[in-house]
Amino acid sequence: MSGQNPGDSGWFRYGDPNDAESAATAITERTAEQPQNWPAEAVRAGFVEDEDEYYDALHDATVRATREAVQERETATEQQLQYTIAAMDDAERTANEIAERVVEWAGSLADSRSEGEGRAPDIPGGVDGARAVAAWTPETPAEERVVSLAERAVDLDAERAELRSFVESQAPAVAPNLAEMAGPVLAARLLSLAGGLESLAKKPAGTVQVLGAEDALFAHLRGRGSSPKHGVIFTHEHVRGTHPDNRGSAARALAGKLAIAARIDHYAGEFRQSVHDDLADRMATIRDREVGE
Amino acid sequence: MSGQNPGDSGWFRYGDPNDAESAATAITERTAEQPQNWPAEAVRAGFVEDEDEYYDALHDATVRATREAVQERETATEQQLQYTIAAMDDAERTANEIAERVVEWAGSLADSRSEGEGRAPDIPGGVDGARAVAAWTPETPAEERVVSLAERAVDLDAERAELRSFVESQAPAVAPNLAEMAGPVLAARLLSLAGGLESLAKKPAGTVQVLGAEDALFAHLRGRGSSPKHGVIFTHEHVRGTHPDNRGSAARALAGKLAIAARIDHYAGEFRQSVHDDLADRMATIRDREVGE
Amino acid sequence: MSTDLPPGIQRRRFDGRERLATRGEPVYGEPQDEEGWRAWDAGRSKLGAMLELELNLGFAGDDGVLYLGAASGTTVSHVADFAGPTYAVEFAPRPTRDLLAVADARPNLFPLLKDARAPETYAHVVEAGLEYVVQDVATRGQATVALRNRRFLAPDGRLVAAIKARSEDVLEDPDDVFSDVLDDLREGYAITDTRRLDRFHDDHLAVVAEPRADDGRS
Amino acid sequence: MSTDLPPGIQRRRFDGRERLATRGEPVYGEPQDEEGWRAWDAGRSKLGAMLELELNLGFAGDDGVLYLGAASGTTVSHVADFAGPTYAVEFAPRPTRDLLAVADARPNLFPLLKDARAPETYAHVVEAGLEYVVQDVATRGQATVALRNRRFLAPDGRLVAAIKARSEDVLEDPDDVFSDVLDDLREGYAITDTRRLDRFHDDHLAVVAEPRADDGRS
């Protein structure tokens, strides 16, 4: 039953039905509580000559509005994924920095702690060490501070884990084939490095292969991660798990299929089993070479 | 009343009374529940010939043990101050980094939030922005994550404040004159930059004036802090609060008195009002020049 | 012979099999005969399944339809083939991309990226007095969606809904779930027919209902 | 004439004023006469104040003394001048540096950087059967410190303590604080004399006590 709500206006009152842009904006942004006989009203009010013209205008406006809304939602979702993985990296980095300070500081205090009959055990490095210190019952004001700081490191690490879960849940919605092939976290990194799905889909396989090489280089120099020749995809099991002699082939094969996956995601937006089967076949071929050698 | 406790041994049983080092160690590290007639026992057990010899040995051992214990306690206290200020800087830096990410991410989400009738107000920068975001009631999974991250930034900032309080309480115990003259935080920074009180006390005033110039340079380039010509002491009110024409003189005067304060702290370890009065006189002279100009 | 099909829907032969069909641009690679009839796959379409199971839905051929949960446009493409103005609402951007392609070739199909739980976001677009609200939303609160969208129906209009048990509660017995949903629906609808679609779609219930006359507001 | 002073302590004239004095190396720039007697400033020393106020402390001249709260060694330097083996316990490293300088020139003064609340950390060093425990610790729980250090006293030894009201409780009336402390002390001591030191030291109470014979353990 459509009630009379004097306040409600049809979309055409907000945008000129003949101006595609304002019509689309009215479709997307306006609201009304109760629908009315919009076709009749548009004719009566002189926005269109007859109902056929009304429906033509409505079709143009809704198609345009919906196309723009889809693009904006997908861009926003992609952007959210980039924020999420950037935040995950921030949380990991800061957790490690704070934990490093905690372990060093707590080490200077550990000897004075009353540990019962035995010597205090060594504090492990990194976040594990912070976890150990956070379990102390502080006996001095300095210990209160280092225990509190340790809790901050543990909280940051927990945040990292939550953000990782969120990346894992979001990535398939943004790029289902890429997320399946690279794993959600690597997929999100590739999207970030490329500056978005459209940009990644337009890159040749050779570029995909070395995306993130500078970051990987710095990580390698700091002692974390492998040789930077192959970019972030080098962390993928298909490359890491392959005999060093064949890593080049594996990286090229993977990069090639990732590039295709990105294109499928951008242009079709659907999961296609075929590209994953193709990659599995290529990897099997490369692995067979190892067995024979 | 001294009871008989068969388990208790006198210090001389753990260390050779004639070996100064082991005697001192026994004084410092051993314990006993009940005292005994140690002089008589030491003679009876043949460690010394008579009680005069016992007391001589005791004197040597206690003086040495206590001298070493004093040095170790003072070094440990100094070291704790350095850990504390380093931790304070870590907490500040990470709080700002996380807050920056929060503000950027939350900005992308703010428009979609239902804020009642009005538009969502802009989110301020830095930790204040994180505080604002932390007060959100999250409406989507993405908002849950950004609100949680905001809480991490707020916690880190709280930790920074606690650590600052701890520096303020510790610095006077380590270097009373330096802490009074420079303020506890700047005093702790100078000690860190110099590598300890002994090292700072041995530096000439000209070096004290530019301690931390590289750090100040980087901070200046990042938009925080003043010209790096004068090192961290430039942040002191006596310099910052002086007319730019006279800042050079003010910095030299301050550096000179700070160097003296450090020497008093290292060699005498006591508060001396005179050096603070001298500095006040010098600053007054410099300030008078400004009035006359 | 089978029950009379609504205007615009026929049984036609494709690869030796007789199948439901409508006439319009192919959408998802379905077979099409020389006269332009394209097969309507009841295994992919809840509404197609209802028609295969000979539910009497009463389509007249130029009905105004609001379709909630249009997804990639598979089913709604057939609706637009035989109905009048067809408004298609879908929440997720990914399938809506495909829905746009379907709408490009159908001037009577109006796609909307909107939340079916918030009809105020499209009541300025979708006209009142529609003959049908067709609903296939895999979300919790399917009865609520139907109740909130009652406002678009003419007094003699109909709700045709495919209720998915697992969307309401993954663990409960589907019969209990359906019972609860029907109870909720009765707040604003009089149920005229229900049919399990399990032959084509596990744990789905088709519901046909009419808006209750009392309390015009939904 | 005044009460007889213990051996090793005399009244001497310095700058026209008569003051307590002991004989030994000067420590803090105090005046020293030609015979080596140095002035003992009752304004800086609780024990000196007690002697100025003519408390009968009973020092014999070769007593073994455990001095708790030796600080920079001002008072304990005088004690070492007139007593026998003098054990000086101080908790804070800064004043202990000065105490070490005092001890360098006094072979009967044994400095210890220890916590007076934890006598087990020096009971392997400090001998039993001492004649005196002299206590001047500005900490909370001054009675507890005295009780825990009872173990060093000979049965006929004495506790001589300067109790600071503000260390126990900054807000309470000093009389109430002293009353509580004395009650606690009575757990292990029999109080023989008390005297307010306010002429020299605000809100301080001198306490002289003997260890109780029952329950030999402190």
# chains A, B, ... in the order shown; residues from 1 in each chain; ligands from 1
>>> residues_around(residues="C:Arg117", least_positions_apart="6", cutoff="8 Å", atoms="only C-alpha atoms", output="list in words")
Thr144, Val145 and Arg148 of chain C
>>> interface_residues(of="chain C", to="chain A", cutoff="6 Å", atoms="only C-alpha atoms", output="PyMOL selection string")
chain C and resi 93+110-113+120-121+123-125+127-128+151+154-155+216
>>> write_last_selection(atoms="C-alpha atoms", output="CSV table (one decimal), in the first residue's frame")
chain,number,residue,atom,x,y,z
C,93,PRO,CA,29.2,-4.8,-6.4
C,110,PHE,CA,16.5,-1.0,-14.0
C,111,PRO,CA,19.5,-2.1,-12.0
C,112,LEU,CA,20.2,-0.6,-8.5
C,113,LEU,CA,23.2,-1.2,-6.2
C,120,GLU,CA,14.1,4.2,1.7
C,121,THR,CA,17.3,4.3,-0.3
C,123,ALA,CA,11.7,4.4,-2.8
C,124,HIS,CA,12.4,7.6,-4.8
C,125,VAL,CA,13.2,5.5,-7.8
C,127,GLU,CA,7.4,3.1,-8.4
C,128,ALA,CA,4.5,2.2,-6.1
C,151,ARG,CA,5.3,-0.6,0.5
C,154,ALA,CA,-0.3,-2.8,-5.1
C,155,PRO,CA,-3.1,-3.9,-2.7
C,216,GLY,CA,-1.2,0.2,5.1
>>> select_by_dssp(residues="stretch 47-147 of chain C", states="helix (DSSP H, G or I)", output="ChimeraX atom specification")
/C:47-52,74-82,93-104,119-121,142-147
>>> write_last_selection(atoms="N, CA and C atoms", output="tab-separated table (two decimals), in the first residue's frame")
chain	number	residue	atom	x	y	z
C	47	LEU	N	13.15	-18.95	-9.12
C	47	LEU	CA	11.88	-18.66	-9.76
C	47	LEU	C	11.61	-19.68	-10.87
C	48	GLY	N	12.64	-20.02	-11.63
C	48	GLY	CA	12.51	-21.06	-12.64
C	48	GLY	C	12.07	-22.37	-12.02
C	49	ALA	N	12.64	-22.70	-10.87
C	49	ALA	CA	12.26	-23.93	-10.18
C	49	ALA	C	10.79	-23.87	-9.76
C	50	MET	N	10.35	-22.70	-9.30
C	50	MET	CA	8.94	-22.57	-8.90
C	50	MET	C	8.02	-22.83	-10.08
C	51	LEU	N	8.44	-22.30	-11.24
C	51	LEU	CA	7.60	-22.50	-12.42
C	51	LEU	C	7.62	-23.96	-12.87
C	52	GLU	N	8.80	-24.60	-12.81
C	52	GLU	CA	8.90	-26.03	-13.14
C	52	GLU	C	8.01	-26.85	-12.21
C	74	THR	N	20.91	-13.53	-13.63
C	74	THR	CA	20.48	-14.74	-14.32
C	74	THR	C	18.97	-14.83	-14.36
C	75	THR	N	18.35	-14.87	-13.17
C	75	THR	CA	16.90	-14.99	-13.11
C	75	THR	C	16.20	-13.72	-13.57
C	76	VAL	N	16.70	-12.58	-13.15
C	76	VAL	CA	16.00	-11.33	-13.44
C	76	VAL	C	16.01	-11.04	-14.95
C	77	SER	N	16.98	-11.64	-15.67
C	77	SER	CA	16.97	-11.44	-17.13
C	77	SER	C	15.72	-12.08	-17.72
C	78	HIS	N	15.33	-13.24	-17.20
C	78	HIS	CA	14.11	-13.89	-17.69
C	78	HIS	C	12.88	-13.11	-17.27
C	79	VAL	N	12.87	-12.58	-16.05
C	79	VAL	CA	11.74	-11.78	-15.58
C	79	VAL	C	11.55	-10.58	-16.50
C	80	ALA	N	12.65	-9.89	-16.80
C	80	ALA	CA	12.54	-8.72	-17.69
C	80	ALA	C	12.07	-9.12	-19.07
C	81	ASP	N	12.39	-10.37	-19.48
C	81	ASP	CA	11.93	-10.85	-20.79
C	81	ASP	C	10.40	-10.89	-20.85
C	82	PHE	N	9.74	-11.36	-19.76
C	82	PHE	CA	8.29	-11.55	-19.87
C	82	PHE	C	7.47	-10.49	-19.12
C	93	PRO	N	28.80	-5.40	-5.16
C	93	PRO	CA	29.25	-4.79	-6.42
C	93	PRO	C	29.70	-5.81	-7.48
C	94	ARG	N	30.29	-6.88	-7.08
C	94	ARG	CA	30.84	-7.83	-8.07
C	94	ARG	C	29.76	-8.38	-8.99
C	95	PRO	N	28.72	-9.01	-8.45
C	95	PRO	CA	27.68	-9.51	-9.37
C	95	PRO	C	26.94	-8.38	-10.09
C	96	THR	N	26.89	-7.21	-9.47
C	96	THR	CA	26.17	-6.11	-10.12
C	96	THR	C	26.84	-5.71	-11.43
C	97	ARG	N	28.14	-5.94	-11.52
C	97	ARG	CA	28.81	-5.68	-12.80
C	97	ARG	C	28.15	-6.49	-13.91
C	98	ASP	N	27.90	-7.78	-13.61
C	98	ASP	CA	27.26	-8.63	-14.61
C	98	ASP	C	25.82	-8.19	-14.82
C	99	LEU	N	25.15	-7.80	-13.75
C	99	LEU	CA	23.76	-7.33	-13.85
C	99	LEU	C	23.67	-6.14	-14.80
C	100	LEU	N	24.69	-5.27	-14.77
C	100	LEU	CA	24.70	-4.11	-15.66
C	100	LEU	C	24.74	-4.55	-17.12
C	101	ALA	N	25.52	-5.59	-17.41
C	101	ALA	CA	25.58	-6.09	-18.78
C	101	ALA	C	24.21	-6.61	-19.21
C	102	VAL	N	23.53	-7.28	-18.29
C	102	VAL	CA	22.18	-7.77	-18.60
C	102	VAL	C	21.25	-6.60	-18.86
C	103	ALA	N	21.37	-5.53	-18.05
C	103	ALA	CA	20.47	-4.39	-18.17
C	103	ALA	C	20.74	-3.57	-19.43
C	104	ASP	N	21.97	-3.61	-19.91
C	104	ASP	CA	22.30	-2.82	-21.11
C	104	ASP	C	21.36	-3.16	-22.26
C	119	PRO	N	14.82	0.09	2.08
C	119	PRO	CA	14.04	0.52	0.91
C	119	PRO	C	13.95	2.04	0.78
C	120	GLU	N	14.17	2.76	1.85
C	120	GLU	CA	14.14	4.22	1.74
C	120	GLU	C	15.25	4.73	0.81
C	121	THR	N	16.24	3.87	0.55
C	121	THR	CA	17.33	4.30	-0.35
C	121	THR	C	16.95	4.15	-1.81
C	142	GLN	N	15.22	-12.61	6.31
C	142	GLN	CA	14.52	-12.55	5.01
C	142	GLN	C	13.08	-12.07	5.17
C	143	ALA	N	12.47	-12.39	6.31
C	143	ALA	CA	11.10	-11.91	6.53
C	143	ALA	C	11.09	-10.39	6.67
C	144	THR	N	12.09	-9.88	7.36
C	144	THR	CA	12.17	-8.42	7.55
C	144	THR	C	12.30	-7.70	6.22
C	145	VAL	N	13.11	-8.26	5.34
C	145	VAL	CA	13.26	-7.66	4.00
C	145	VAL	C	11.91	-7.62	3.30
C	146	ALA	N	11.20	-8.72	3.35
C	146	ALA	CA	9.89	-8.77	2.67
C	146	ALA	C	8.94	-7.75	3.28
C	147	LEU	N	8.93	-7.66	4.60
C	147	LEU	CA	8.01	-6.73	5.26
C	147	LEU	C	8.35	-5.29	4.91
>>> interface_residues(of="chain B", to="chain A", cutoff="10 Å", atoms="only C-alpha atoms", output="MDAnalysis selection string")
chainID B and resid 76 79:84 86:88 90:91 93:95 97:98 101:102 104:106 108:109 141:142 145:146 148:149 151:153 155:156 159:160 162:163 166 170
>>> atom_distance(atom1="atom CA of A:Ala259", atom2="atom CA of A:Gly183")
14.2 Å
>>> residues_around(residues="C:Gly8", least_positions_apart="3", cutoff="9 Å", atoms="only C-alpha atoms", output="compact mmCIF listing (two decimals) with N, CA and C atoms, in the first residue's frame")
# COMPACT_ATOMS: atom_id res chain seq x y z
N LEU C 5 1.33 -21.72 -18.82
CA LEU C 5 2.40 -20.86 -18.35
C LEU C 5 1.99 -19.41 -18.57
N ALA C 21 11.42 -21.41 -21.13
CA ALA C 21 12.19 -20.45 -21.92
C ALA C 21 11.49 -19.11 -21.94
N THR C 22 12.30 -18.06 -22.11
CA THR C 22 11.77 -16.73 -22.38
C THR C 22 12.52 -16.18 -23.58
N ARG C 23 12.05 -15.05 -24.09
CA ARG C 23 12.65 -14.54 -25.30
C ARG C 23 13.37 -13.24 -25.01
N ALA C 60 1.14 -11.86 -15.45
CA ALA C 60 0.22 -11.46 -16.52
C ALA C 60 0.94 -11.03 -17.78
N GLY C 61 2.18 -10.70 -17.68
CA GLY C 61 2.90 -10.36 -18.89
C GLY C 61 3.37 -8.92 -18.97
N ASP C 81 12.39 -10.37 -19.48
CA ASP C 81 11.93 -10.85 -20.79
C ASP C 81 10.40 -10.89 -20.85
N PHE C 82 9.74 -11.36 -19.76
CA PHE C 82 8.29 -11.55 -19.87
C PHE C 82 7.47 -10.49 -19.12
N ALA C 83 8.12 -9.71 -18.25
CA ALA C 83 7.34 -8.77 -17.44
C ALA C 83 7.43 -7.36 -18.00
>>> atom_distance(atom1="atom CA of C:Ala118", atom2="atom CA of C:Arg195")
27.6 Å
>>> atom_distance(atom1="atom CA of B:Val232", atom2="atom CA of B:Val154")
26.8 Å
>>> residues_around(residues="stretch 167-169 of chain D", least_positions_apart="6", cutoff="9 Å", atoms="only C-alpha atoms", output="PyMOL selection string")
chain D and resi 137-142+177+181
>>> select_by_dssp(residues="stretch 50-198 of chain C", states="strand (DSSP E or B)", output="count of residues only")
40
